[in-house]
Amino acid sequence: MHARYARIAEARQREIKVRVGFAVFIACTVWALAPSKWPAIWLALVFAGQSADWIVFGAIRRLGGGTPSRGLRIAACISLFVNSVFYSAIAAYLWADGGGSQMVFGSILIAGALLHVTIHLYHEREILISAATPPVVYFLALPVIHGYVLGQPTDLLVAVGCVLYMTHLLVAVRQSSQTNRAIQIANDRAQEERRRAEVASAAKSDFLAVVSHEIRTPMNAVVTSANLLERSQLDPAQKEHVVMLKDASEVLIGLLNDVLDFSKIEAGKMELEEAPVDLVDKLKALERMWAPKAQAAGVAFEVSLPDDLPRHVRTDPLRLQQILFNLVSNAVKFTATGRIEVRARWNAALGRLTVAVTDTGCGIPDDRLPYVFDVFEQVDAGVTRRHGGSGLGLAITCKLAQLMGGSVSVESRLGEGSIFTVDLPMGIAAAPSATLAVSAPSTFAHGLDILAVDDHPVNRRIVALLLEPMGCVLTFAENGQEAVEAAALRRFDAILMDMQMPVMDGLTATRAIRSDGPNAGTPVIALTANALETHRAAWATVGVDDFVTKPIDPARLASALEAAVRGEAALAATA
């Protein structure tokens, strides 16, 4: 009830200027039809009634949706009743004057008043009855009384017309009420479904975060162990085992990254960046990366680049590489014999790169072609068993191309092969300065005093295996609280901070370290298995210098440490 009263009060307060304006217009028109003092008296009564209406419904509106008291509801009904009596009374004056035009105008005024109150006040029955009763009485009584007084039975036909009008009005209001009720129910259901969808989406995000963390933690040990084994002295059989281990690890990490990437795209949280890219090198890298694998299977692999292809362009380097990687990986996976060709074209007028990946593989049936870019879509159930994959690669490729303003298309014949074509807009970039040469490997890490914080003993061991051979001096903490206590005792050159830990998490620990003490300005690098975009954003709020995910890429960790330490040194030199 309180919600309906609140809506009525808002409407009454909002429309009072309209009602007063109509009253002034009606008074002037009535005075023109039947000049006398009564139109002015009527207008004064309307003003008085509207003032009372403003006071009563203003009090209801100030309740802010709260339930009005019984006394306030009675006052509202009385106010509406009196206002309806005053507002419709002008019709009695017009009928009493006896002119045909006055009688018609009076009937129209009552019909309009009745239409107004039924449309605006039908939400609450007692309010509707209070406001509609006076015009109904006027509507029926005036023609009946006028007919009897003047002895003109034909006036009674006007009363019949009034009854028909009110009947139609009642039906219309009832249908409108039912429609509005149905719309409200539909809206309530939609809101409930939306709430459920949001809950499900949040649950999915939480699930993905947990899965990502729990998979990346053991994979960190697997990948790092494989990398360390590869550097050791191995016989041919052992090297083959390590290669198999690394290949399997790459597949697992690729599948995990595909799931996370698609979740970001689906949630609209995929962010693109623009940077200069050596396009020629990026395309030739496909040959360096995939030709050995294709040739090992007896498949020729070729990258064909036109002479007019610009060397440097501006685009998102990571997403461009991901698109090309997915298309070539798909071709290598499904081509057992023949050849694979990557052919690039450049449209200078439009500033667009087109790359076509042609293979002589198994091809795609015509009835499956429209669905190859759908999520989890593969030609048949046996594809996953024979070739592996999650069915996300082409879907992600299509979504990324669209996000970059381009498109991906496919042509294929079953048993003959396929052509996947990606078309992307990109601008030409200036060549990098020749003075910006890559620096030779340095011994920056030798003697670095590093605080490494991680609750998992395997992860601590991996950090030691990676950094101690570089000459780093490591101090370990098993949770955020231990890290804060260690950071309060002496200064470190850098801090590697895990995110999800018992006692105190990495974010809280980083805030505490940054707030005060000898390490308030020490570079902090997030080293975590929490790899979602929300985690990256959370780390950004505490001001970490870099974000490195597990499994740890040794080169990536080394470059992050070097950038952080040198950045701090440069800052100290300019201070």
# chains A, B, ... in the order shown; residues from 1 in each chain; ligands from 1
>>> select_by_dssp(residues="region 223-366 of chain A", states="strand (DSSP E)", output="PDB file with C-alpha atoms, in the first residue's frame")
ATOM      1  CA  ALA A 275      52.223  -0.322 -29.317  1.00  0.00           C
ATOM      2  CA  PRO A 276      54.768  -0.426 -32.149  1.00  0.00           C
ATOM      3  CA  VAL A 277      55.215  -3.954 -33.527  1.00  0.00           C
ATOM      4  CA  ASP A 278      57.852  -5.314 -35.885  1.00  0.00           C
ATOM      5  CA  VAL A 299      54.212 -31.149 -43.803  1.00  0.00           C
ATOM      6  CA  ALA A 300      55.867 -28.237 -45.647  1.00  0.00           C
ATOM      7  CA  PHE A 301      55.534 -24.846 -43.951  1.00  0.00           C
ATOM      8  CA  GLU A 302      56.018 -21.473 -45.643  1.00  0.00           C
ATOM      9  CA  VAL A 303      55.469 -17.815 -44.728  1.00  0.00           C
ATOM     10  CA  SER A 304      55.014 -15.516 -47.740  1.00  0.00           C
ATOM     11  CA  HIS A 312      56.561  -1.527 -38.210  1.00  0.00           C
ATOM     12  CA  VAL A 313      52.875  -1.052 -37.364  1.00  0.00           C
ATOM     13  CA  ARG A 314      50.842   0.016 -34.330  1.00  0.00           C
ATOM     14  CA  THR A 315      48.522  -2.602 -32.876  1.00  0.00           C
ATOM     15  CA  GLY A 338      50.842 -31.610 -47.822  1.00  0.00           C
ATOM     16  CA  ARG A 339      51.667 -28.024 -46.924  1.00  0.00           C
ATOM     17  CA  ILE A 340      50.724 -25.029 -44.789  1.00  0.00           C
ATOM     18  CA  GLU A 341      51.183 -21.517 -46.145  1.00  0.00           C
ATOM     19  CA  VAL A 342      50.875 -18.217 -44.283  1.00  0.00           C
ATOM     20  CA  ARG A 343      50.358 -15.422 -46.823  1.00  0.00           C
ATOM     21  CA  ALA A 344      50.169 -11.745 -45.791  1.00  0.00           C
ATOM     22  CA  ARG A 345      48.708  -8.832 -47.788  1.00  0.00           C
ATOM     23  CA  TRP A 346      48.772  -5.119 -47.000  1.00  0.00           C
ATOM     24  CA  ASN A 347      46.090  -2.628 -48.082  1.00  0.00           C
ATOM     25  CA  ARG A 352      44.595  -3.093 -43.085  1.00  0.00           C
ATOM     26  CA  LEU A 353      46.599  -6.288 -42.784  1.00  0.00           C
ATOM     27  CA  THR A 354      45.176  -9.517 -44.199  1.00  0.00           C
ATOM     28  CA  VAL A 355      46.772 -12.838 -43.252  1.00  0.00           C
ATOM     29  CA  ALA A 356      45.528 -16.050 -44.868  1.00  0.00           C
ATOM     30  CA  VAL A 357      46.529 -19.400 -43.357  1.00  0.00           C
ATOM     31  CA  THR A 358      46.070 -22.145 -45.982  1.00  0.00           C
ATOM     32  CA  ASP A 359      46.400 -25.846 -45.224  1.00  0.00           C
TER      33      ASP A 359
END
>>> residues_around(residues="Ala348 (chain A)", least_positions_apart="4", cutoff="10 Å", atoms="only C-alpha atoms", output="ChimeraX atom specification")
/A:308-310,352-353,427-428
>>> atom_distance(atom1="CA of His535 (chain A)", atom2="CA of Gly567 (chain A)")
23.5 Å
>>> closest_residue(among="A:Asn187, A:Ala540, A:Leu279, A:Ala23", to="Trp42 (chain A)", atoms="only C-alpha atoms")
A:Ala23
>>> closest_residue(among="A:Tyr5, A:Lys239, A:Cys472, A:Ala159", to="Leu128 (chain A)", atoms="only C-alpha atoms")
A:Tyr5
>>> select_by_dssp(residues="region 220-328 of chain A", states="helix (DSSP H, G or I)", output="ChimeraX atom specification")
/A:220-231,236-266,279-296,317-328
>>> closest_residue(among="A:Met497, A:Ala9, A:Met244, A:Leu474", to="Leu63 (chain A)", atoms="only C-alpha atoms")
A:Ala9
>>> atom_distance(atom1="CA of Ile495 (chain A)", atom2="CA of Val544 (chain A)")
9.7 Å
